[in-house]
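Scroll down for the structure; my scribbles are underneath it.
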Amino acid sequence: MRDTGTDDARVRVRPNRRGSRPRTKVRPEHSDATWALVLGVDRGRYQLLSDGGVRLVAVKARELGRGERSAVVVGDRVGVVGDVSGRRDTLARIVKVADRTSVLRRSADDTASGEAGPERVIVANADQLLIVTAVADPEPRPRLVDRCLVAAYDAGMDPVLCVTKADLADPAPFLQRYAALEVPAMVTSVVEGAVAGIETVRERLADRTSVLVGHSGVGKSTLVNALVPDADRATGEVNAVTGRGRHTSSSAVALALPGGGWAIDTPGVRSFGLQHVGPEDLLQAFDDLAAVALDCPRGCTHAEDAPDCALDDWVADGRAGAAGEERLASFRRLLEARSLDQ
Ligand SMILES: Nc1nc2c(ncn2[C@@H]2O[C@H](COP(=O)(O)OP(=O)(O)OP(=O)(O)O)[C@@H](O)[C@H]2O)c(=O)[nH]1
Ligand SMILES: [Zn+2]
């Protein structure tokens, strides 16, 4: 087991600017609403866990509106009224959505058409993004990892790398790519049927709300099953409610971790469209760079070809220290990753 990257001083709990806009419409008639967490969403049916520990199925009240802006997503805290007994074949009604502390989003520029579309919120209120990638079989896709990092930083979530299949190859060269960004990393492998390194993953996820992303075959299910012993049953319950398979339309599902906290699996999320992320959105995730960039010309893109970018002076005159050059280069690589293909 190894943990590259510092995971101490960089804990950033930033309110997300766009995510924190007030959404709750105070309606006196709903002051008796029951609060619940959204665990899954499938075609207009919301699987909820009430604060009283009851599993509910609900629909969204018409008064909340339609379209992306009023979307209710996994991780949202909602107020429900109506039948909140949780009994079979009952439906509660979602009448309000609490302010969000974070929003993990993608713009729909990763659809088959390749055209830009509206931003879509994938998960609300998560504080950590676990980017799962295999060291081999399938080969790591650094560009995709970079794009996941950008999505995490944009959301104000702490990214963590989880490199699986370390029994197949040395993860060090891949992890080196993220050292200057100080992304914490964990390494797992399957040895004699057990997941070595799972304890470290478990500790990192404890008492937090973490979204797991990774492309097909990297071993994400293997991790989820090791972390949540009844994961299949839990998702099976969702299926029983919706009558649909887990991979068909559900893009995220929240699973309770036995030791506390939530793991949000994202079987339907393979990529992030990032058209909505501007240079400043990314910059704000790096306190040191953001402080330096205050001296940039107005509208500076901070890219390699940006004239008079203060970040270049910061490296050139030695203020950035020994690792500064690589840190700036890594930051700029992420800037570029926003507009690259997957
Ligand atoms: N050698 C090795 N194989 C692993 C490891 N983790 C998972 N695998 C294998 O890799 C394959 C894919 O693992 P899954 O957990 O199903 O991967 P996934 O990311 O959930 O893939 P999808 O279900 O397609 O989304 C399976 O055959 C696993 O047994 C590992 O650490 N080492
Ligand atoms: Zn600049």
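Naming scheme: A, B, ... for chains in displayed order of the structure tokens; residues 1 onward per chain; ligands 1 onward as shown.
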
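Using only C-alpha atoms, the protein and nucleic acid residues lying no more than 8 Å from range 199-203 of chain A, apart from those fewer than 3 places from it along its own chain, are A:Met186, A:Ala196, A:Ala206, A:Leu227.
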
As a quick test: using only C-alpha atoms and all ligand atoms, which residues lie no more than 6 Å away from ligand 2? Give them as a list in words.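 Counting only what the definition allows, namely only C-alpha atoms and all ligand atoms, the set is Ala293, Cys296, Cys300, Thr301, His302, Cys309, Ala310 and Leu311 of chain A.
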
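Closest approach to Leu181 in chain A among A:Val160, A:Ala126, A:Ile131, A:Val121: A:Val160, based on only C-alpha atoms.
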
Assign secondary structure with DSSP using the backbone only, and return the residues of range 118-259 of chain A in helix (DSSP H, G or I) as JSON, numbers by chain. {"A": [142, 143, 144, 145, 146, 147, 148, 149, 150, 151, 152, 153, 154, 155, 172, 173, 174, 175, 176, 198, 199, 200, 201, 202, 203, 204, 205, 220, 221, 222, 223, 224, 225, 226, 227, 231, 232, 233, 234, 235, 236, 237, 238, 239, 240, 241, 242]}

Selected residues written out, C-alpha atoms, as a PDB file, in the first residue's frame:
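Here's the written file again23.pdb:
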ATOM      1  CA  PRO A 142      -4.850   9.570 -18.467  1.00  0.00           C
ATOM      2  CA  ARG A 143      -6.943  12.026 -20.424  1.00  0.00           C
ATOM      3  CA  LEU A 144     -10.132  10.638 -18.977  1.00  0.00           C
ATOM      4  CA  VAL A 145      -8.621  10.784 -15.497  1.00  0.00           C
ATOM      5  CA  ASP A 146      -7.665  14.404 -16.097  1.00  0.00           C
ATOM      6  CA  ARG A 147     -11.217  15.179 -17.088  1.00  0.00           C
ATOM      7  CA  CYS A 148     -12.551  13.507 -13.958  1.00  0.00           C
ATOM      8  CA  LEU A 149     -10.169  15.654 -11.929  1.00  0.00           C
ATOM      9  CA  VAL A 150     -11.450  18.794 -13.597  1.00  0.00           C
ATOM     10  CA  ALA A 151     -15.033  17.748 -12.863  1.00  0.00           C
ATOM     11  CA  ALA A 152     -14.135  17.164  -9.197  1.00  0.00           C
ATOM     12  CA  TYR A 153     -12.354  20.478  -8.822  1.00  0.00           C
ATOM     13  CA  ASP A 154     -15.209  22.272 -10.532  1.00  0.00           C
ATOM     14  CA  ALA A 155     -17.645  20.671  -8.113  1.00  0.00           C
ATOM     15  CA  ALA A 172       4.190   4.298  -9.942  1.00  0.00           C
ATOM     16  CA  PRO A 173       4.713   5.668 -13.468  1.00  0.00           C
ATOM     17  CA  PHE A 174       1.016   6.418 -13.833  1.00  0.00           C
ATOM     18  CA  LEU A 175       0.773   8.024 -10.405  1.00  0.00           C
ATOM     19  CA  GLN A 176       3.772  10.216 -11.129  1.00  0.00           C
ATOM     20  CA  ILE A 198      -9.383  -2.184   0.570  1.00  0.00           C
ATOM     21  CA  GLU A 199      -8.862  -1.082   4.186  1.00  0.00           C
ATOM     22  CA  THR A 200      -7.218   2.135   3.084  1.00  0.00           C
ATOM     23  CA  VAL A 201     -10.065   2.783   0.671  1.00  0.00           C
ATOM     24  CA  ARG A 202     -12.581   2.085   3.406  1.00  0.00           C
ATOM     25  CA  GLU A 203     -10.879   4.502   5.761  1.00  0.00           C
ATOM     26  CA  ARG A 204     -10.830   7.233   3.182  1.00  0.00           C
ATOM     27  CA  LEU A 205     -14.515   6.846   2.404  1.00  0.00           C
ATOM     28  CA  LYS A 220     -15.123  -0.618  -9.825  1.00  0.00           C
ATOM     29  CA  SER A 221     -17.727  -3.276  -9.111  1.00  0.00           C
ATOM     30  CA  THR A 222     -15.085  -5.357  -7.391  1.00  0.00           C
ATOM     31  CA  LEU A 223     -14.367  -2.397  -5.117  1.00  0.00           C
ATOM     32  CA  VAL A 224     -18.010  -1.608  -4.480  1.00  0.00           C
ATOM     33  CA  ASN A 225     -18.745  -5.213  -3.589  1.00  0.00           C
ATOM     34  CA  ALA A 226     -15.821  -5.276  -1.176  1.00  0.00           C
ATOM     35  CA  LEU A 227     -16.910  -2.000   0.421  1.00  0.00           C
ATOM     36  CA  ALA A 231     -24.308  -3.909  -2.760  1.00  0.00           C
ATOM     37  CA  ASP A 232     -25.974  -6.287  -5.186  1.00  0.00           C
ATOM     38  CA  ARG A 233     -28.938  -6.665  -2.922  1.00  0.00           C
ATOM     39  CA  ALA A 234     -29.109  -2.909  -2.343  1.00  0.00           C
ATOM     40  CA  THR A 235     -29.179  -2.168  -6.040  1.00  0.00           C
ATOM     41  CA  GLY A 236     -31.488  -5.125  -6.448  1.00  0.00           C
ATOM     42  CA  GLU A 237     -33.950  -3.385  -4.167  1.00  0.00           C
ATOM     43  CA  VAL A 238     -33.870  -0.386  -6.417  1.00  0.00           C
ATOM     44  CA  ASN A 239     -34.569  -2.687  -9.314  1.00  0.00           C
ATOM     45  CA  ALA A 240     -37.473  -4.269  -7.531  1.00  0.00           C
ATOM     46  CA  VAL A 241     -38.992  -0.861  -7.149  1.00  0.00           C
ATOM     47  CA  THR A 242     -38.411   0.295 -10.677  1.00  0.00           C
TER      48      THR A 242
END

Ligand 1 neighbours within 8 Å using only C-alpha atoms and all ligand atoms, as a PyMOL selection string: chain A and resi 132+134+137+164-168+188-191+195-196+214-224+267

Could you save those same residues with C-alpha atoms as a PDB file, in the first residue's frame?
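Final file, selection32.pdb:
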ATOM      1  CA  VAL A 132     -10.989   4.346 -10.304  1.00  0.00           C
ATOM      2  CA  ALA A 134      -6.652   0.091 -13.608  1.00  0.00           C
ATOM      3  CA  ASP A 137      -6.156  -4.442 -18.498  1.00  0.00           C
ATOM      4  CA  THR A 164      -6.597  -1.110  -9.232  1.00  0.00           C
ATOM      5  CA  LYS A 165      -4.919  -4.267 -10.536  1.00  0.00           C
ATOM      6  CA  ALA A 166      -1.527  -3.420  -9.068  1.00  0.00           C
ATOM      7  CA  ASP A 167      -0.849  -7.153  -9.250  1.00  0.00           C
ATOM      8  CA  LEU A 168      -0.548  -6.727 -13.028  1.00  0.00           C
ATOM      9  CA  THR A 188      -5.460  -2.016  -4.744  1.00  0.00           C
ATOM     10  CA  SER A 189      -5.000  -5.461  -6.172  1.00  0.00           C
ATOM     11  CA  VAL A 190      -6.795  -8.758  -6.079  1.00  0.00           C
ATOM     12  CA  VAL A 191      -4.775 -11.419  -4.321  1.00  0.00           C
ATOM     13  CA  VAL A 195      -8.990  -7.094  -2.491  1.00  0.00           C
ATOM     14  CA  ALA A 196      -5.665  -6.041  -0.988  1.00  0.00           C
ATOM     15  CA  GLY A 214     -14.334   4.647 -13.730  1.00  0.00           C
ATOM     16  CA  HIS A 215     -14.709   3.179 -17.160  1.00  0.00           C
ATOM     17  CA  SER A 216     -15.738  -0.349 -17.864  1.00  0.00           C
ATOM     18  CA  GLY A 217     -13.539  -3.141 -16.612  1.00  0.00           C
ATOM     19  CA  VAL A 218     -11.337  -1.157 -14.238  1.00  0.00           C
ATOM     20  CA  GLY A 219     -12.658  -3.095 -11.251  1.00  0.00           C
ATOM     21  CA  LYS A 220     -15.123  -0.618  -9.825  1.00  0.00           C
ATOM     22  CA  SER A 221     -17.727  -3.276  -9.111  1.00  0.00           C
ATOM     23  CA  THR A 222     -15.085  -5.357  -7.391  1.00  0.00           C
ATOM     24  CA  LEU A 223     -14.367  -2.397  -5.117  1.00  0.00           C
ATOM     25  CA  VAL A 224     -18.010  -1.608  -4.480  1.00  0.00           C
ATOM     26  CA  PRO A 267     -22.735   2.762 -13.629  1.00  0.00           C
TER      27      PRO A 267
END

One decimal, in Å: what's the spacing between CA of Val95 in chain A and CA of Leu257 in chain A? 27.7 Å
